[in-house]
>>> print(open('start.pdb').read())   # PDB, C-alpha atoms
ATOM      1  CA  MET A  27      -2.105   4.712   8.057
ATOM      2  CA  ALA A  28       0.978   2.574   7.548
ATOM      3  CA  GLU A  29       4.297   4.282   6.734
ATOM      4  CA  ARG A  30       6.214   3.410   3.547
ATOM      5  CA  ILE A  31       9.767   2.565   4.656
ATOM      6  CA  ALA A  32      11.347   0.749   1.690
ATOM      7  CA  ASP A  33      10.162   1.973  -1.688
ATOM      8  CA  THR A  34      10.741  -1.199  -3.655
ATOM      9  CA  HIS A  35       8.528  -1.940  -6.650
ATOM     10  CA  ALA A  36       8.114  -5.649  -5.940
ATOM     11  CA  GLU A  37       6.024  -7.698  -8.312
ATOM     12  CA  THR A  38       5.048  -9.925  -5.394
ATOM     13  CA  GLY A  39       6.531  -8.702  -2.136
ATOM     14  CA  GLU A  40       5.944 -11.420   0.466
ATOM     15  CA  GLY A  41       7.089 -13.279   3.561
ATOM     16  CA  PRO A  42       8.335 -10.541   5.925
ATOM     17  CA  LEU A  43      10.164 -11.826   9.004
ATOM     18  CA  TRP A  44      11.882 -10.008  11.846
ATOM     19  CA  HIS A  45      15.343 -11.478  12.469
ATOM     20  CA  PRO A  46      15.907 -10.923  16.212
ATOM     21  CA  ASP A  47      19.632 -11.754  16.059
ATOM     22  CA  GLU A  48      20.211  -8.966  13.552
ATOM     23  CA  GLU A  49      17.282  -6.694  14.499
ATOM     24  CA  ARG A  50      16.403  -6.391  10.816
ATOM     25  CA  VAL A  51      13.452  -7.270   8.619
ATOM     26  CA  TYR A  52      13.757  -9.637   5.661
ATOM     27  CA  TRP A  53      11.246 -10.134   2.857
ATOM     28  CA  VAL A  54      11.122 -11.507  -0.692
ATOM     29  CA  ASP A  55       9.968 -10.575  -4.159
ATOM     30  CA  ILE A  56       8.836 -14.019  -5.248
ATOM     31  CA  PRO A  57       8.939 -14.105  -9.102
ATOM     32  CA  PRO A  58      12.544 -12.891  -9.637
ATOM     33  CA  GLY A  59      13.835 -14.732  -6.554
ATOM     34  CA  HIS A  60      14.990 -11.618  -4.686
ATOM     35  CA  LEU A  61      15.571 -11.445  -0.926
ATOM     36  CA  TYR A  62      15.603  -7.992   0.708
ATOM     37  CA  ARG A  63      16.672  -6.688   4.111
ATOM     38  CA  TYR A  64      15.665  -3.499   5.965
ATOM     39  CA  GLU A  65      17.756  -1.876   8.698
ATOM     40  CA  PRO A  66      15.499   0.107  11.085
ATOM     41  CA  THR A  67      18.319   2.046  12.726
ATOM     42  CA  THR A  68      19.408   3.617   9.433
ATOM     43  CA  GLY A  69      16.259   3.317   7.333
ATOM     44  CA  ASP A  70      18.276   1.632   4.592
ATOM     45  CA  HIS A  71      17.269  -1.445   2.623
ATOM     46  CA  GLU A  72      19.141  -3.653   0.185
ATOM     47  CA  ARG A  73      18.784  -6.771  -1.912
ATOM     48  CA  VAL A  74      20.981  -9.373  -0.239
ATOM     49  CA  TYR A  75      20.320 -12.534  -2.247
ATOM     50  CA  GLN A  76      18.977 -13.727  -5.579
ATOM     51  CA  THR A  77      18.341 -17.304  -6.631
ATOM     52  CA  PRO A  78      21.202 -18.408  -8.905
ATOM     53  CA  ASP A  79      19.017 -18.912 -11.974
ATOM     54  CA  GLY A  80      16.541 -16.142 -11.231
ATOM     55  CA  SER A  81      13.846 -18.657 -10.370
ATOM     56  CA  PRO A  82      11.097 -17.788  -7.856
ATOM     57  CA  LEU A  83      11.780 -17.725  -4.125
ATOM     58  CA  GLY A  84       8.497 -18.681  -2.506
ATOM     59  CA  GLY A  85       9.388 -18.250   1.143
ATOM     60  CA  TYR A  86      11.927 -18.826   3.890
ATOM     61  CA  THR A  87      12.266 -19.447   7.609
ATOM     62  CA  ILE A  88      14.958 -18.525  10.121
ATOM     63  CA  GLN A  89      16.998 -21.502  11.297
ATOM     64  CA  THR A  90      18.017 -21.998  14.928
ATOM     65  CA  ASP A  91      21.547 -20.775  14.154
ATOM     66  CA  GLY A  92      20.309 -17.619  12.429
ATOM     67  CA  ALA A  93      20.778 -18.796   8.841
ATOM     68  CA  LEU A  94      17.837 -18.697   6.449
ATOM     69  CA  CYS A  95      16.083 -21.766   5.050
ATOM     70  CA  LEU A  96      15.009 -20.915   1.480
ATOM     71  CA  PHE A  97      12.118 -22.546  -0.421
ATOM     72  CA  THR A  98      12.278 -22.236  -4.215
ATOM     73  CA  ASP A  99      10.248 -23.354  -7.217
ATOM     74  CA  ASP A 100      11.737 -26.788  -7.848
ATOM     75  CA  GLY A 101      11.044 -28.354  -4.453
ATOM     76  CA  ARG A 102      14.515 -27.350  -3.338
ATOM     77  CA  VAL A 103      15.073 -26.331   0.273
ATOM     78  CA  SER A 104      18.404 -24.639   0.939
ATOM     79  CA  ARG A 105      20.427 -23.011   3.707
ATOM     80  CA  TRP A 106      21.832 -19.519   3.207
ATOM     81  CA  ASP A 107      23.717 -17.625   5.906
ATOM     82  CA  PRO A 108      23.350 -13.818   5.746
ATOM     83  CA  ALA A 109      26.558 -13.415   7.755
ATOM     84  CA  GLU A 110      28.596 -15.397   5.257
ATOM     85  CA  GLY A 111      26.848 -14.612   1.951
ATOM     86  CA  GLY A 112      27.933 -16.798  -0.937
ATOM     87  CA  GLU A 113      26.017 -19.704  -2.375
ATOM     88  CA  SER A 114      23.158 -21.587  -0.771
ATOM     89  CA  GLU A 115      23.487 -25.228   0.291
ATOM     90  CA  GLU A 116      20.739 -27.766  -0.376
ATOM     91  CA  LEU A 117      19.151 -29.262   2.747
ATOM     92  CA  ALA A 118      16.169 -31.187   1.377
ATOM     93  CA  ARG A 119      14.134 -31.778  -1.747
ATOM     94  CA  ILE A 120      10.345 -32.089  -1.852
ATOM     95  CA  ASP A 121       8.631 -33.712  -4.813
ATOM     96  CA  ALA A 122       6.519 -30.658  -5.645
ATOM     97  CA  ASP A 123       5.235 -29.831  -9.130
ATOM     98  CA  THR A 124       5.173 -26.044  -8.698
ATOM     99  CA  ARG A 125       6.878 -23.327  -6.697
ATOM    100  CA  PHE A 126       6.430 -22.825  -2.991
ATOM    101  CA  ASN A 127       4.147 -20.087  -1.680
ATOM    102  CA  ASP A 128       4.336 -19.173   2.003
ATOM    103  CA  VAL A 129       6.018 -21.279   4.675
ATOM    104  CA  ILE A 130       6.167 -21.314   8.473
ATOM    105  CA  ALA A 131       8.269 -23.087  11.091
ATOM    106  CA  ASP A 132       6.494 -24.878  13.915
ATOM    107  CA  PRO A 133       7.583 -25.046  17.588
ATOM    108  CA  GLU A 134       9.636 -28.211  16.961
ATOM    109  CA  GLY A 135      11.579 -26.873  13.968
ATOM    110  CA  ARG A 136       9.485 -28.511  11.260
ATOM    111  CA  VAL A 137       8.202 -26.380   8.380
ATOM    112  CA  PHE A 138       4.714 -26.259   6.890
ATOM    113  CA  CYS A 139       5.108 -25.209   3.253
ATOM    114  CA  GLY A 140       2.480 -24.663   0.589
ATOM    115  CA  THR A 141       2.710 -24.820  -3.201
ATOM    116  CA  MET A 142       0.934 -22.944  -5.959
ATOM    117  CA  PRO A 143      -1.545 -24.566  -8.352
ATOM    118  CA  GLY A 144      -0.159 -25.690 -11.692
ATOM    119  CA  GLU A 145      -1.828 -28.187 -13.977
ATOM    120  CA  GLU A 146      -3.449 -29.392 -10.767
ATOM    121  CA  LEU A 147      -4.154 -27.722  -7.423
ATOM    122  CA  GLY A 148      -1.324 -27.148  -4.969
ATOM    123  CA  ASP A 149      -0.711 -28.864  -1.644
ATOM    124  CA  LEU A 150       0.366 -28.123   1.896
ATOM    125  CA  TYR A 151       3.405 -30.138   2.994
ATOM    126  CA  ARG A 152       5.048 -30.709   6.353
ATOM    127  CA  LEU A 153       8.848 -30.935   6.159
ATOM    128  CA  ASP A 154      10.495 -32.598   9.141
ATOM    129  CA  THR A 155      13.895 -31.736  10.564
ATOM    130  CA  ASP A 156      15.474 -34.857   9.011
ATOM    131  CA  GLY A 157      14.373 -33.822   5.520
ATOM    132  CA  SER A 158      11.443 -36.235   5.259
ATOM    133  CA  TRP A 159       8.110 -34.784   4.192
ATOM    134  CA  GLU A 160       4.455 -35.538   3.594
ATOM    135  CA  VAL A 161       1.368 -33.873   2.154
ATOM    136  CA  VAL A 162      -0.911 -32.804   5.006
ATOM    137  CA  VAL A 163      -3.562 -30.862   3.053
ATOM    138  CA  PRO A 164      -3.977 -31.877  -0.611
ATOM    139  CA  ASP A 165      -5.660 -29.954  -3.429
ATOM    140  CA  VAL A 166      -5.250 -26.383  -2.202
ATOM    141  CA  ASP A 167      -6.145 -23.409  -4.407
ATOM    142  CA  ILE A 168      -3.225 -21.115  -3.463
ATOM    143  CA  ALA A 169      -1.750 -22.095  -0.115
ATOM    144  CA  ASN A 170      -1.071 -19.005   1.940
ATOM    145  CA  GLY A 171      -0.694 -17.488   5.424
ATOM    146  CA  MET A 172      -0.245 -19.740   8.450
ATOM    147  CA  GLY A 173       0.063 -19.339  12.207
ATOM    148  CA  PHE A 174      -0.377 -20.965  15.614
ATOM    149  CA  SER A 175      -2.630 -20.122  18.549
ATOM    150  CA  ARG A 176      -0.871 -19.003  21.710
ATOM    151  CA  ASP A 177      -1.640 -22.295  23.467
ATOM    152  CA  LEU A 178      -0.182 -24.174  20.453
ATOM    153  CA  GLU A 179      -3.322 -26.267  20.099
ATOM    154  CA  THR A 180      -4.602 -24.660  16.880
ATOM    155  CA  PHE A 181      -2.964 -24.252  13.471
ATOM    156  CA  TYR A 182      -4.311 -21.608  11.090
ATOM    157  CA  PHE A 183      -3.987 -21.980   7.328
ATOM    158  CA  THR A 184      -5.202 -19.756   4.491
ATOM    159  CA  GLU A 185      -6.575 -21.023   1.174
ATOM    160  CA  SER A 186      -6.708 -17.791  -0.781
ATOM    161  CA  GLU A 187      -8.891 -18.672  -3.753
ATOM    162  CA  ALA A 188     -11.425 -20.297  -1.418
ATOM    163  CA  HIS A 189     -11.527 -16.985   0.503
ATOM    164  CA  ARG A 190     -11.041 -18.927   3.735
ATOM    165  CA  ILE A 191      -8.776 -19.133   6.753
ATOM    166  CA  TYR A 192      -9.056 -22.588   8.323
ATOM    167  CA  ALA A 193      -8.392 -23.718  11.873
ATOM    168  CA  PHE A 194      -7.032 -27.207  12.588
ATOM    169  CA  ASP A 195      -6.311 -29.068  15.795
ATOM    170  CA  TYR A 196      -2.513 -29.192  16.107
ATOM    171  CA  ASP A 197      -0.391 -31.765  17.939
ATOM    172  CA  GLN A 198       2.983 -30.281  18.814
ATOM    173  CA  ASP A 199       4.678 -33.614  19.488
ATOM    174  CA  SER A 200       3.834 -35.190  16.128
ATOM    175  CA  GLY A 201       3.139 -32.139  13.994
ATOM    176  CA  GLU A 202      -0.185 -33.682  12.949
ATOM    177  CA  ILE A 203      -3.109 -31.418  12.052
ATOM    178  CA  SER A 204      -6.745 -32.548  12.053
ATOM    179  CA  ASP A 205     -10.398 -31.492  12.246
ATOM    180  CA  ARG A 206     -10.377 -28.711   9.657
ATOM    181  CA  ARG A 207     -13.053 -26.038  10.092
ATOM    182  CA  THR A 208     -13.533 -22.543   8.688
ATOM    183  CA  PHE A 209     -12.301 -19.773  10.986
ATOM    184  CA  VAL A 210     -12.914 -16.874   8.565
ATOM    185  CA  GLU A 211     -14.610 -16.664   5.179
ATOM    186  CA  THR A 212     -14.163 -13.322   3.438
ATOM    187  CA  PRO A 213     -16.959 -11.853   1.290
ATOM    188  CA  GLU A 214     -16.659 -11.844  -2.493
ATOM    189  CA  GLY A 215     -15.406  -8.516  -3.782
ATOM    190  CA  ASP A 216     -13.776  -7.612  -0.453
ATOM    191  CA  GLY A 217     -10.258  -8.787  -1.235
ATOM    192  CA  ILE A 218      -8.559 -12.139  -0.800
ATOM    193  CA  PRO A 219      -6.977 -13.395   2.460
ATOM    194  CA  ASP A 220      -3.226 -13.740   2.014
ATOM    195  CA  GLY A 221      -0.345 -13.851   4.512
ATOM    196  CA  MET A 222      -0.971 -13.790   8.239
ATOM    197  CA  THR A 223       0.494 -13.610  11.728
ATOM    198  CA  VAL A 224      -0.793 -14.062  15.294
ATOM    199  CA  ASP A 225      -0.345 -11.478  18.058
ATOM    200  CA  GLU A 226       0.302 -11.781  21.796
ATOM    201  CA  GLU A 227      -3.420 -12.140  22.574
ATOM    202  CA  GLY A 228      -3.823 -14.901  20.006
ATOM    203  CA  TYR A 229      -5.739 -12.710  17.563
ATOM    204  CA  VAL A 230      -5.131 -13.351  13.871
ATOM    205  CA  TRP A 231      -3.870 -10.615  11.547
ATOM    206  CA  SER A 232      -4.552 -11.303   7.853
ATOM    207  CA  ALA A 233      -3.297  -9.344   4.844
ATOM    208  CA  ARG A 234      -5.998  -8.620   2.266
ATOM    209  CA  TRP A 235      -4.850  -8.975  -1.369
ATOM    210  CA  ASP A 236      -6.925  -6.635  -3.562
ATOM    211  CA  GLY A 237      -8.368  -5.282  -0.317
ATOM    212  CA  GLY A 238      -5.812  -2.596   0.492
ATOM    213  CA  ARG A 239      -5.560  -3.380   4.197
ATOM    214  CA  ALA A 240      -4.722  -5.778   7.003
ATOM    215  CA  VAL A 241      -7.488  -7.142   9.225
ATOM    216  CA  ARG A 242      -7.333  -8.280  12.860
ATOM    217  CA  TYR A 243      -9.730 -11.091  13.803
ATOM    218  CA  GLY A 244     -10.948 -12.024  17.261
ATOM    219  CA  PRO A 245     -11.405 -15.530  18.710
ATOM    220  CA  GLU A 246     -14.650 -16.198  16.788
ATOM    221  CA  GLY A 247     -13.366 -14.789  13.502
ATOM    222  CA  GLU A 248     -14.956 -11.373  14.050
ATOM    223  CA  VAL A 249     -13.233  -8.255  12.661
ATOM    224  CA  VAL A 250     -11.883  -6.124  15.515
ATOM    225  CA  ALA A 251      -9.422  -3.783  13.735
ATOM    226  CA  GLU A 252      -8.167  -2.791  10.282
ATOM    227  CA  ILE A 253      -5.083  -0.989   8.943
ATOM    228  CA  GLU A 254      -5.331   0.784   5.607
ATOM    229  CA  VAL A 255      -2.372   0.607   3.201
ATOM    230  CA  PRO A 256      -1.969   2.693   0.007
ATOM    231  CA  ALA A 257      -1.623  -0.420  -2.132
ATOM    232  CA  ARG A 258      -4.413  -2.713  -3.357
ATOM    233  CA  LYS A 259      -2.426  -5.903  -2.907
ATOM    234  CA  VAL A 260      -1.366  -6.259   0.731
ATOM    235  CA  SER A 261       0.347  -9.631   0.720
ATOM    236  CA  SER A 262       1.704 -10.427   4.187
ATOM    237  CA  LEU A 263       2.714  -9.043   7.574
ATOM    238  CA  THR A 264       4.834  -9.742  10.640
ATOM    239  CA  PHE A 265       5.609  -8.175  13.994
ATOM    240  CA  GLY A 266       9.074  -6.786  14.651
ATOM    241  CA  GLY A 267      11.102  -4.384  16.730
ATOM    242  CA  GLU A 268      12.742  -5.107  20.071
ATOM    243  CA  GLU A 269       9.333  -5.337  21.771
ATOM    244  CA  TYR A 270       7.535  -6.755  18.718
ATOM    245  CA  ASP A 271       5.302  -3.697  18.773
ATOM    246  CA  GLU A 272       5.695  -2.736  15.111
ATOM    247  CA  LEU A 273       3.805  -4.357  12.263
ATOM    248  CA  TYR A 274       5.673  -4.730   8.964
ATOM    249  CA  LEU A 275       3.581  -5.248   5.821
ATOM    250  CA  THR A 276       4.566  -6.315   2.310
ATOM    251  CA  THR A 277       2.680  -5.317  -0.825
ATOM    252  CA  ALA A 278       2.710  -6.235  -4.508
ATOM    253  CA  LEU A 279       2.308  -4.706  -7.917
ATOM    254  CA  GLY A 280       0.860  -8.032  -8.982
ATOM    255  CA  GLY A 281       2.488  -8.440 -12.382
ATOM    256  CA  PRO A 282       5.414  -7.285 -14.545
ATOM    257  CA  ASP A 283       3.259  -4.767 -16.405
ATOM    258  CA  ALA A 284       1.243  -3.476 -13.451
ATOM    259  CA  THR A 285       1.577   0.177 -12.448
ATOM    260  CA  ARG A 286       1.106   2.209  -9.305
ATOM    261  CA  GLU A 287      -1.557   4.202 -11.093
ATOM    262  CA  GLU A 288      -3.587   0.984 -11.149
ATOM    263  CA  GLU A 289      -2.454  -0.631  -7.897
ATOM    264  CA  GLY A 290      -1.933   2.268  -5.498
ATOM    265  CA  GLU A 291       0.860   4.711  -4.781
ATOM    266  CA  GLY A 292       2.706   2.287  -2.495
ATOM    267  CA  ALA A 293       2.266  -0.921  -4.467
ATOM    268  CA  GLY A 294       5.316  -3.152  -4.170
ATOM    269  CA  ALA A 295       6.785  -1.319  -1.160
ATOM    270  CA  LEU A 296       7.454  -2.372   2.439
ATOM    271  CA  PHE A 297       5.371  -0.619   5.093
ATOM    272  CA  ARG A 298       5.498  -0.275   8.878
ATOM    273  CA  TYR A 299       2.644   0.422  11.280
ATOM    274  CA  SER A 300       3.814   1.539  14.735
ATOM    275  CA  ASP A 301       0.505   2.145  16.523
ATOM    276  CA  VAL A 302      -0.578  -1.404  17.320
ATOM    277  CA  ASP A 303      -2.292  -1.797  20.684
ATOM    278  CA  VAL A 304      -1.199  -5.408  21.162
ATOM    279  CA  PRO A 305       2.338  -6.572  20.265
ATOM    280  CA  GLY A 306       3.257  -9.749  18.484
ATOM    281  CA  VAL A 307       5.519 -12.613  19.507
ATOM    282  CA  PRO A 308       8.664 -14.086  17.908
ATOM    283  CA  GLU A 309       8.097 -16.566  15.105
ATOM    284  CA  PHE A 310       9.359 -20.099  15.602
ATOM    285  CA  ARG A 311      12.647 -21.161  14.047
ATOM    286  CA  SER A 312      13.214 -24.066  11.724
ATOM    287  CA  ALA A 313      15.762 -26.822  12.299
ATOM    288  CA  ILE A 314      15.858 -28.481   8.877
ATOM    289  CA  GLY A 315      18.961 -30.646   8.485
ATOM    290  CA  GLU A 316      19.662 -30.536  12.212
ATOM    291  CA  ALA A 317      17.965 -33.807  13.182
TER     292      ALA A 317
END
>>> encode(input="start.pdb", output="structure tokens")
Amino acid sequence: MAERIADTHAETGEGPLWHPDEERVYWVDIPPGHLYRYEPTTGDHERVYQTPDGSPLGGYTIQTDGALCLFTDDGRVSRWDPAEGGESEELARIDADTRFNDVIADPEGRVFCGTMPGEELGDLYRLDTDGSWEVVVPDVDIANGMGFSRDLETFYFTESEAHRIYAFDYDQDSGEISDRRTFVETPEGDGIPDGMTVDEEGYVWSARWDGGRAVRYGPEGEVVAEIEVPARKVSSLTFGGEEYDELYLTTALGGPDATREEEGEGAGALFRYSDVDVPGVPEFRSAIGEA
């Protein structure tokens, strides 16, 4: 069972990332635009940033210099340095109709970033280091967890409401993705695939919203391991620790009026699982505005 380490009551806890420069874990509560940080050596956590107008913070990446690249609800992409604090600085603007939901840096410093459905379905964008962007997967019903195979030839992408994790061919030089096929399709009534990460063996870990667990998938999409969490809505996960041998998991209450009686005793908290057999690897860093 995973251990509750930060007893936040996040409406939508999401996007955990291990910051190797600081040896801390960051994560967000999307709707109020809160960014949190956990210090493993002390067991303390704190809210370190809030969007100026209280608008949603859909995700972030770690830049090459250690600053954070924040993705908000108005297509705005900004730089915020945890060491300096203060205000964020705009780096790019994407013409998106709704807020961002889950983002990931690629090996070349680009960022794949998804948006939520609004009046129409959302999209998956690729943001280049010079601030230019394009839609790479249109009409997505909740863009979610992403990752790369260890050989960097496959890109994984989750479409939550389709109950699918897709695999694409990935070209590192251009950032192009192609040949979409279904890697995993989850059964109805068994929870919804949400955030994800990839471990050292190239196996995919997927958080299960309304499924109360995280699932490890083998090369053919077969289930090989599961971690139970005392919260129905397990939203995302990442590896951390000096050896990347700890799995950090975010959870959600799911709404402003939701309760732990309904959603589980740990709903909205940050969890850690320290008994993984296979460690993870560092996530790639973004380089937006550095071209």
>>> resolve_selection(input="start.pdb", expression="the PyMOL selection byres ((chain A and resi 155) around 7)", output="number ranges by chain")
A: 135-136, 153-154, 156-157, 313-317
>>> resolve_selection(input="start.pdb", expression="the PyMOL selection byres ((chain A and resi 241) around 8)", output="list in words")
Trp231, Ser232, Ala233, Arg234, Arg239, Ala240, Arg242, Tyr243, Val249, Val250, Ala251, Glu252 and Ile253 of chain A
>>> write_last_selection(input="start.pdb", atoms="C-alpha atoms", output="PDB file, in the coordinates of the input")
ATOM      1  CA  TRP A 231      -3.870 -10.615  11.547  1.00  0.00           C
ATOM      2  CA  SER A 232      -4.552 -11.303   7.853  1.00  0.00           C
ATOM      3  CA  ALA A 233      -3.297  -9.344   4.844  1.00  0.00           C
ATOM      4  CA  ARG A 234      -5.998  -8.620   2.266  1.00  0.00           C
ATOM      5  CA  ARG A 239      -5.560  -3.380   4.197  1.00  0.00           C
ATOM      6  CA  ALA A 240      -4.722  -5.778   7.003  1.00  0.00           C
ATOM      7  CA  ARG A 242      -7.333  -8.280  12.860  1.00  0.00           C
ATOM      8  CA  TYR A 243      -9.730 -11.091  13.803  1.00  0.00           C
ATOM      9  CA  VAL A 249     -13.233  -8.255  12.661  1.00  0.00           C
ATOM     10  CA  VAL A 250     -11.883  -6.124  15.515  1.00  0.00           C
ATOM     11  CA  ALA A 251      -9.422  -3.783  13.735  1.00  0.00           C
ATOM     12  CA  GLU A 252      -8.167  -2.791  10.282  1.00  0.00           C
ATOM     13  CA  ILE A 253      -5.083  -0.989   8.943  1.00  0.00           C
TER      14      ILE A 253
END
>>> atom_distance(input="start.pdb", atom1="atom CA of Pro305 of chain A", atom2="atom CA of Leu273 of chain A")
8.4 Å
>>> resolve_selection(input="start.pdb", expression="the PyMOL selection byres ((chain A and resi 198-208) around 12)", output="JSON, numbers by chain")
{"A": [131, 132, 133, 134, 135, 136, 137, 138, 150, 151, 152, 153, 154, 155, 159, 160, 161, 162, 163, 174, 175, 177, 178, 179, 180, 181, 182, 183, 184, 185, 188, 189, 190, 191, 192, 193, 194, 195, 196, 197, 209, 210, 211, 212, 246, 247]}
>>> residues_around(input="start.pdb", residues="Thr87 of chain A", least_positions_apart="5", cutoff="10 Å", atoms="only C-alpha atoms", output="list in words")
Gly41, Pro42, Leu43, His45, Gly92, Ala93, Leu94, Cys95, Leu96, Phe97, Arg105, Asp128, Val129, Ile130, Ala131, Gly135, Val137, Glu309, Phe310, Arg311, Ser312, Ala313 and Ile314 of chain A
>>> atom_distance(input="start.pdb", atom1="atom CA of Gly85 of chain A", atom2="atom CA of Asp301 of chain A")
27.0 Å
>>> atom_distance(input="start.pdb", atom1="atom CA of Ala32 of chain A", atom2="atom CA of Gly306 of chain A")
21.4 Å
>>> residues_around(input="start.pdb", residues="segment 59-71 of chain A", least_positions_apart="2", cutoff="10 Å", atoms="only C-alpha atoms", output="CSV table (one decimal) with C-alpha atoms, in the frame of the given file")
chain,number,residue,atom,x,y,z
A,31,ILE,CA,9.8,2.6,4.7
A,32,ALA,CA,11.3,0.7,1.7
A,33,ASP,CA,10.2,2.0,-1.7
A,34,THR,CA,10.7,-1.2,-3.7
A,36,ALA,CA,8.1,-5.6,-5.9
A,39,GLY,CA,6.5,-8.7,-2.1
A,40,GLU,CA,5.9,-11.4,0.5
A,41,GLY,CA,7.1,-13.3,3.6
A,42,PRO,CA,8.3,-10.5,5.9
A,43,LEU,CA,10.2,-11.8,9.0
A,44,TRP,CA,11.9,-10.0,11.8
A,45,HIS,CA,15.3,-11.5,12.5
A,48,GLU,CA,20.2,-9.0,13.6
A,49,GLU,CA,17.3,-6.7,14.5
A,50,ARG,CA,16.4,-6.4,10.8
A,51,VAL,CA,13.5,-7.3,8.6
A,52,TYR,CA,13.8,-9.6,5.7
A,53,TRP,CA,11.2,-10.1,2.9
A,54,VAL,CA,11.1,-11.5,-0.7
A,55,ASP,CA,10.0,-10.6,-4.2
A,56,ILE,CA,8.8,-14.0,-5.2
A,57,PRO,CA,8.9,-14.1,-9.1
A,73,ARG,CA,18.8,-6.8,-1.9
A,74,VAL,CA,21.0,-9.4,-0.2
A,75,TYR,CA,20.3,-12.5,-2.2
A,76,GLN,CA,19.0,-13.7,-5.6
A,77,THR,CA,18.3,-17.3,-6.6
A,78,PRO,CA,21.2,-18.4,-8.9
A,79,ASP,CA,19.0,-18.9,-12.0
A,80,GLY,CA,16.5,-16.1,-11.2
A,81,SER,CA,13.8,-18.7,-10.4
A,82,PRO,CA,11.1,-17.8,-7.9
A,83,LEU,CA,11.8,-17.7,-4.1
A,84,GLY,CA,8.5,-18.7,-2.5
A,85,GLY,CA,9.4,-18.2,1.1
A,86,TYR,CA,11.9,-18.8,3.9
A,96,LEU,CA,15.0,-20.9,1.5
A,98,THR,CA,12.3,-22.2,-4.2
A,99,ASP,CA,10.2,-23.4,-7.2
A,108,PRO,CA,23.4,-13.8,5.7
A,267,GLY,CA,11.1,-4.4,16.7
A,296,LEU,CA,7.5,-2.4,2.4
>>> residues_around(input="start.pdb", residues="Ala122 of chain A", least_positions_apart="6", cutoff="8 Å", atoms="only C-alpha atoms", output="PyMOL selection string")
chain A and resi 100-101+141
>>> residues_around(input="start.pdb", residues="Val307 of chain A", least_positions_apart="5", cutoff="9 Å", atoms="only C-alpha atoms", output="NGL selection string")
:A and (224-226 or 265-266 or 269-271)
>>> closest_residue(input="start.pdb", among="A:Asp220, A:Tyr299, A:Glu248, A:Pro213", to="Ile168 of chain A", atoms="all atoms listed in the file")
A:Asp220
>>> axis_aligned_box(input="start.pdb", around="segment 243-247 of chain A", padding_each_side="4 Å", output="lines of an AutoDock Vina configuration file")
center_x = -12.2
center_y = -13.6
center_z = 16.1
size_x = 12.9
size_y = 13.1
size_z = 13.2
>>> closest_residue(input="start.pdb", among="A:Ala257, A:Val103, A:Leu147, A:Ala118", to="Glu287 of chain A", atoms="only C-alpha atoms")
A:Ala257
>>> residues_around(input="start.pdb", residues="Gly280 of chain A", least_positions_apart="4", cutoff="7 Å", atoms="all atoms listed in the file", output="list in words")
Glu37, Thr38 and Ala284 of chain A
>>> closest_residue(input="start.pdb", among="A:Asp283, A:Glu268, A:Glu29, A:Glu113", to="Pro256 of chain A", atoms="all atoms listed in the file")
A:Glu29
>>> decode(input="start.pdb", residues="segment 34-50 of chain A", atoms="C-alpha atoms", output="tab-separated table (two decimals), in the first residue's frame")
chain	number	residue	atom	x	y	z
A	34	THR	CA	-3.46	18.00	1.07
A	35	HIS	CA	-7.12	17.97	0.06
A	36	ALA	CA	-6.54	18.76	-3.61
A	37	GLU	CA	-9.54	19.04	-5.87
A	38	THR	CA	-7.40	17.76	-8.73
A	39	GLY	CA	-3.90	16.90	-7.59
A	40	GLU	CA	-1.81	16.27	-10.71
A	41	GLY	CA	1.53	16.43	-12.49
A	42	PRO	CA	4.07	15.22	-9.90
A	43	LEU	CA	7.70	15.70	-10.91
A	44	TRP	CA	10.94	15.00	-9.07
A	45	HIS	CA	13.27	18.00	-9.27
A	46	PRO	CA	16.76	16.45	-9.15
A	47	ASP	CA	18.53	19.79	-8.54
A	48	GLU	CA	16.51	20.34	-5.37
A	49	GLU	CA	15.77	16.69	-4.49
A	50	ARG	CA	12.13	17.63	-3.95
